[in-house]
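Chemist: Can you read through this structure? Questions will come right after.
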Amino acid sequence: MPGRTFLSVLDLSPEALETCLGLAARLKRERHLGADAPTARALAGHSLALLFDKPSLRTRTGFEIAMRELGGHVTCPPSADALGTREPLADVARTLERWASVAAVRTFEQARLHEFVEATTRLRIVNALTNEEHPCQALADCLTVHERCGAVTGRTLAYVGDGNNVATSLTHAAMMLGLNLRLASPEGFALSDATLAAARQVARHGAEVVQYQDPVEAVRGADAVYADVWTSMGQETDATRRRAAFQGFRVTRALMAKANDDAFFMHCLPAHRGEEVEEEVLEGPRSVVFDQAENRLHTQKALLLMMLEGVGI
Ligand code: CP
């Protein structure tokens with residue numbers, strides 16, 4: 001079944017990614033129509049299972065509202081029942097497949113999502129964040145860049161911080177859309193060569209991804225500056241070492257001043273104010289973090305429509 005999984009941005013063709021963003025923009029424009037929106041009953045009869053091993057506000061609630069606004073149902077089995085040690089993941093997946101059309105799963109290793117995929121033939125599976133990738137976030141980020149810049153292709157985004165799941169998915173999407181990416185990370189925290197190679201394979205419109213160790217060099221001439229937490233979920237025992245390693249990688253007003261005059265600030269949230277970003281930047285007029293948060297809803301609606309209605313992927 002084409003488009004059965006969205007474990008990675010790389011599961012989409014570049015054309016499907018563009019379709020998804022265009023559809024999300026349309027859904028955003030039509031949202032005020034409520035029950036009169038053309039898509040208000042589009043997913044009637046479909047159920048979405050939300051399986052979350054880690055905390056979430058934006059992804060989880062975004063999917064709940066998305067599914068309901070498209071006329072579908074949502075079920076949230078407790079994570080201890082669905083993702084714990086009570087039974088093999090494959091048995092959970094095979095059971096859910098009999099009831100639900102799609103599962104959005106937030107867990108630790110990406111390999112756990114592959115267990116879901118291999119155990120089922122019909123269930124659509126969405127990566128709601130793993131240690132390795134966060135593709136749903138990348139959709140919202142690209143829609144936000146498009147809204148701010150009028151286009152994504154040819155623009156330049158500087159990501160300052162950990163070469164983590166958010167950075168990986170953002171790099172995939174940026175390359176596919178022709179968005180240049182500059183990644184500034186301390187030594188030992190950059191994206192792997194394998195991740196960069198995979199991203200470069202899908203690059204279009206001459207997009208380039210370049211790694212830096214100097215945030216100032218990375219943000220010079222950038223249209224947007226992006227930060228994420230220094231310690232992601234599941235890395236809490238490493239927080240002290242990370243805090244030390246990332247000194248100098250905080251996005252401050254002084255760092256923003258090195259980017260283009262109209263450069264805007266992005267963050268996937270939740271943010272640690274005073275750590276990876278200065279309070280004045282996060283709350284300042286150039287911050288688009290709540291546009292990104294809002295766009296999680298519109299892009300997740302578009303993704304569900306495409307996966308369940310077979311549009312574009
Ligand atoms: N950015 C993001 O994924 O937010 P949540 O962890 O709240 O879902």
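The way I read the labels, and the way they are meant: chains A, B, ... in the order of the structure tokens, residue 1 as the first residue of every chain, and ligand 1 as the first ligand shown, with later ones counted on from there.
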Which residues of chain A have any atom within 9 Å of an atom in ligand 1 when counting only C-alpha atoms and all ligand atoms, and what is the closest pair of atoms for each, with the distance in Å to one decimal? Order the rows by chain and rising number and write it as a Markdown table.
Modeler:
| residue | atom | partner | partner_atom_place_in_ligand_line | distance |
| --- | --- | --- | --- | --- |
| A:Lys54 | CA | ligand 1 | 6 (O) | 8.1 |
| A:Pro55 | CA | ligand 1 | 6 (O) | 6.2 |
| A:Ser56 | CA | ligand 1 | 8 (O) | 3.8 |
| A:Leu57 | CA | ligand 1 | 7 (O) | 3.4 |
| A:Arg58 | CA | ligand 1 | 8 (O) | 3.9 |
| A:Thr59 | CA | ligand 1 | 8 (O) | 3.7 |
| A:Arg60 | CA | ligand 1 | 8 (O) | 5.8 |
| A:Thr61 | CA | ligand 1 | 8 (O) | 7.8 |
| A:Gly62 | CA | ligand 1 | 8 (O) | 8.1 |
| A:Arg106 | CA | ligand 1 | 8 (O) | 8.9 |
| A:Ala128 | CA | ligand 1 | 3 (O) | 7.6 |
| A:Leu129 | CA | ligand 1 | 3 (O) | 6.9 |
| A:His134 | CA | ligand 1 | 3 (O) | 7.4 |
| A:Cys136 | CA | ligand 1 | 3 (O) | 7.9 |
| A:Gln137 | CA | ligand 1 | 3 (O) | 6.2 |
| A:Val166 | CA | ligand 1 | 1 (N) | 8.5 |
| A:Met233 | CA | ligand 1 | 6 (O) | 8.8 |
| A:His267 | CA | ligand 1 | 1 (N) | 8.1 |
| A:Cys268 | CA | ligand 1 | 1 (N) | 4.4 |
| A:Leu269 | CA | ligand 1 | 1 (N) | 4.8 |
| A:Pro270 | CA | ligand 1 | 4 (O) | 6.1 |
| A:Gln292 | CA | ligand 1 | 1 (N) | 8.8 |
| A:Ala293 | CA | ligand 1 | 1 (N) | 7.3 |
| A:Arg296 | CA | ligand 1 | 1 (N) | 8.4 |
Chemist: So which residues of region 28-176 of chain A fall under alpha helix (DSSP H) by DSSP, listed as number ranges by chain?
Modeler: A: 28-30, 58-69, 79-82, 89-97, 110-119, 135-149, 165-176
Chemist: Have a look at A:Glu18, A:Glu115, A:Gln247, A:Ser232 and name the one nearest to Val152 (chain A); count only C-alpha atoms.
Modeler: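 Closest residue, counting only C-alpha atoms: A:Glu18.
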Chemist: I'd like the interatomic distance between CA of Val277 (chain A) and CA of Arg250 (chain A), to a tenth of an Å.
Modeler: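 Going from CA of Val277 (chain A) over to CA of Arg250 (chain A), I get 5.2 Å.
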Chemist: For a quick check of understanding, using only C-alpha atoms, which of A:Ala173, A:Leu70, A:Leu157, A:Ala244 has the smallest distance to Gly221 (chain A)?
Modeler: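 Result for the nearest residue to Gly221 (chain A): A:Leu157.
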Chemist: Let me make sure I understand: among A:Ala40, A:Leu113, A:Leu305, A:Ala25, which one has the smallest atom-to-atom distance to Leu89 (chain A) if we use only C-alpha atoms?
Modeler: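 Looking only at the distances to Leu89 (chain A), the closest residue turns out to be A:Leu113.
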Chemist: Enumerate as a VMD selection string all residues of region 83-170 of chain A assigned to strand (DSSP E or B) by DSSP on the backbone, naming them with the chain letters and numbers the document uses.
Modeler: chain A and resid 102 to 106 124 to 127 156 to 160
Chemist: Do a neighbour search on Val216 (chain A) at 12 Å with only C-alpha atoms, toss out local chain neighbours closer than 5 positions, and write the hits as a ChimeraX atom specification.
Modeler: /A:158-160,182-185,221-222,225,248-260
Chemist: What is the CA of Ala35 (chain A)-CA of Asp291 (chain A) distance in Å, reported with one decimal?
Modeler: 23.4 Å
Chemist: Taking 5 positions as the minimum chain separation for residues in the same chain, which residues sit within 7 Å of Ala104 (chain A) when counting only C-alpha atoms? Answer as a CSV table (one decimal) with all heavy atoms, in the first residue's frame.
Modeler:
chain,number,residue,atom,x,y,z
A,49,ALA,N,-5.2,5.7,16.4
A,49,ALA,CA,-4.7,5.3,17.8
A,49,ALA,C,-3.4,6.2,18.1
A,49,ALA,O,-2.5,6.2,17.3
A,49,ALA,CB,-4.4,3.8,17.8
A,50,LEU,N,-3.4,6.8,19.2
A,50,LEU,CA,-2.3,7.6,19.7
A,50,LEU,C,-1.5,6.8,20.7
A,50,LEU,O,-2.1,6.5,21.8
A,50,LEU,CB,-2.7,8.9,20.3
A,50,LEU,CG,-3.4,9.9,19.3
A,50,LEU,CD1,-3.9,11.1,20.0
A,50,LEU,CD2,-2.3,10.3,18.2
A,51,LEU,N,-0.3,6.4,20.4
A,51,LEU,CA,0.5,5.6,21.4
A,51,LEU,C,1.7,6.4,21.7
A,51,LEU,O,2.6,6.6,20.9
A,51,LEU,CB,0.9,4.3,20.7
A,51,LEU,CG,-0.2,3.4,20.0
A,51,LEU,CD1,0.4,2.2,19.4
A,51,LEU,CD2,-1.3,3.1,21.1
A,125,ILE,N,1.2,4.0,9.7
A,125,ILE,CA,1.9,4.3,10.9
A,125,ILE,C,2.7,5.6,10.8
A,125,ILE,O,3.4,5.8,9.8
A,125,ILE,CB,2.9,3.1,11.2
A,125,ILE,CG1,2.0,1.9,11.5
A,125,ILE,CG2,3.8,3.4,12.4
A,125,ILE,CD1,2.7,0.6,11.3
A,126,VAL,N,2.5,6.5,11.7
A,126,VAL,CA,3.2,7.8,11.7
A,126,VAL,C,4.2,7.9,12.9
A,126,VAL,O,3.8,7.5,14.0
A,126,VAL,CB,2.1,8.9,11.9
A,126,VAL,CG1,2.7,10.2,12.0
A,126,VAL,CG2,1.1,8.9,10.7
A,127,ASN,N,5.3,8.4,12.6
A,127,ASN,CA,6.3,8.6,13.6
A,127,ASN,C,6.0,9.9,14.3
A,127,ASN,O,6.1,11.0,13.7
A,127,ASN,CB,7.7,8.7,12.9
A,127,ASN,CG,8.8,9.0,13.9
A,127,ASN,OD1,8.6,9.3,15.1
A,127,ASN,ND2,10.1,8.9,13.5
A,128,ALA,N,5.6,9.8,15.5
A,128,ALA,CA,5.2,11.0,16.3
A,128,ALA,C,6.4,11.5,17.2
A,128,ALA,O,6.2,12.3,18.1
A,128,ALA,CB,4.0,10.7,17.2
Chemist: Considering only C-alpha atoms, return as a PDB file with C-alpha atoms, in the first residue's frame whatever protein or nucleic-acid residues lie within 12 Å of Pro285 (chain A), sequence-local ones (same chain, fewer than 2 positions apart) excluded.
Modeler:
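Generated file (selection21.pdb):
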ATOM      1  CA  ARG A 253      19.968  38.872  20.696  1.00  0.00           C
ATOM      2  CA  MET A 256      20.356  37.083  16.016  1.00  0.00           C
ATOM      3  CA  ASP A 262      14.605  40.415   8.918  1.00  0.00           C
ATOM      4  CA  ALA A 263      15.656  36.957  10.104  1.00  0.00           C
ATOM      5  CA  PHE A 264      13.110  35.210  12.335  1.00  0.00           C
ATOM      6  CA  PHE A 265      13.581  32.817  15.240  1.00  0.00           C
ATOM      7  CA  MET A 266      12.250  29.251  15.295  1.00  0.00           C
ATOM      8  CA  GLU A 279      14.080  34.828  26.919  1.00  0.00           C
ATOM      9  CA  GLU A 280      14.123  38.091  24.900  1.00  0.00           C
ATOM     10  CA  VAL A 281      14.606  36.183  21.636  1.00  0.00           C
ATOM     11  CA  LEU A 282      11.908  33.598  22.339  1.00  0.00           C
ATOM     12  CA  GLU A 283       9.415  36.292  23.357  1.00  0.00           C
ATOM     13  CA  SER A 287       9.932  34.782  17.155  1.00  0.00           C
ATOM     14  CA  VAL A 288       7.582  32.543  15.139  1.00  0.00           C
ATOM     15  CA  VAL A 289       7.506  29.664  17.612  1.00  0.00           C
ATOM     16  CA  PHE A 290       3.736  29.747  18.078  1.00  0.00           C
TER      17      PHE A 290
END
Chemist: Under the rule that only C-alpha atoms are counted, which of A:Leu43, A:Ser192, A:Thr144, A:Ala93 is the nearest residue to Met306 (chain A)?
Modeler: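 Checking each candidate against Met306 (chain A), we get A:Leu43 as the closest.
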Chemist: So which one's closest to Pro135 (chain A), A:Arg204, A:His172, A:Arg112, A:Arg122? Using only C-alpha atoms, please.
Modeler: A:His172
Chemist: For region 66-69 of chain A, list every protein, DNA or RNA residue within 10 Å, evaluated using only C-alpha atoms, and leave out those in the same chain fewer than 4 positions away; present the list as a ChimeraX atom specification.
Modeler: /A:31,34-35,37,39-44,46-48,60-62,73-74,296-305
Chemist: Can you work out which one of A:Asp141, A:Glu187, A:Glu97, A:Asp261 has the shortest atom-to-atom distance to Thr121 (chain A), counting only C-alpha atoms?
Modeler: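 The closest residue to Thr121 (chain A) is A:Glu97.
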Chemist: Residues within 12 Å of Ala16 (chain A), please, as a ChimeraX atom specification. Count only C-alpha atoms; anything in the same chain fewer than 5 positions from it doesn't count.
Modeler: /A:2-3,6,9-11,21-23,139,173,176-177,302-303,306-307,310-313
Chemist: Mind pulling up the distance from CA of Ala80 (chain A) to CA of Asp53 (chain A)?
Modeler: 8.1 Å
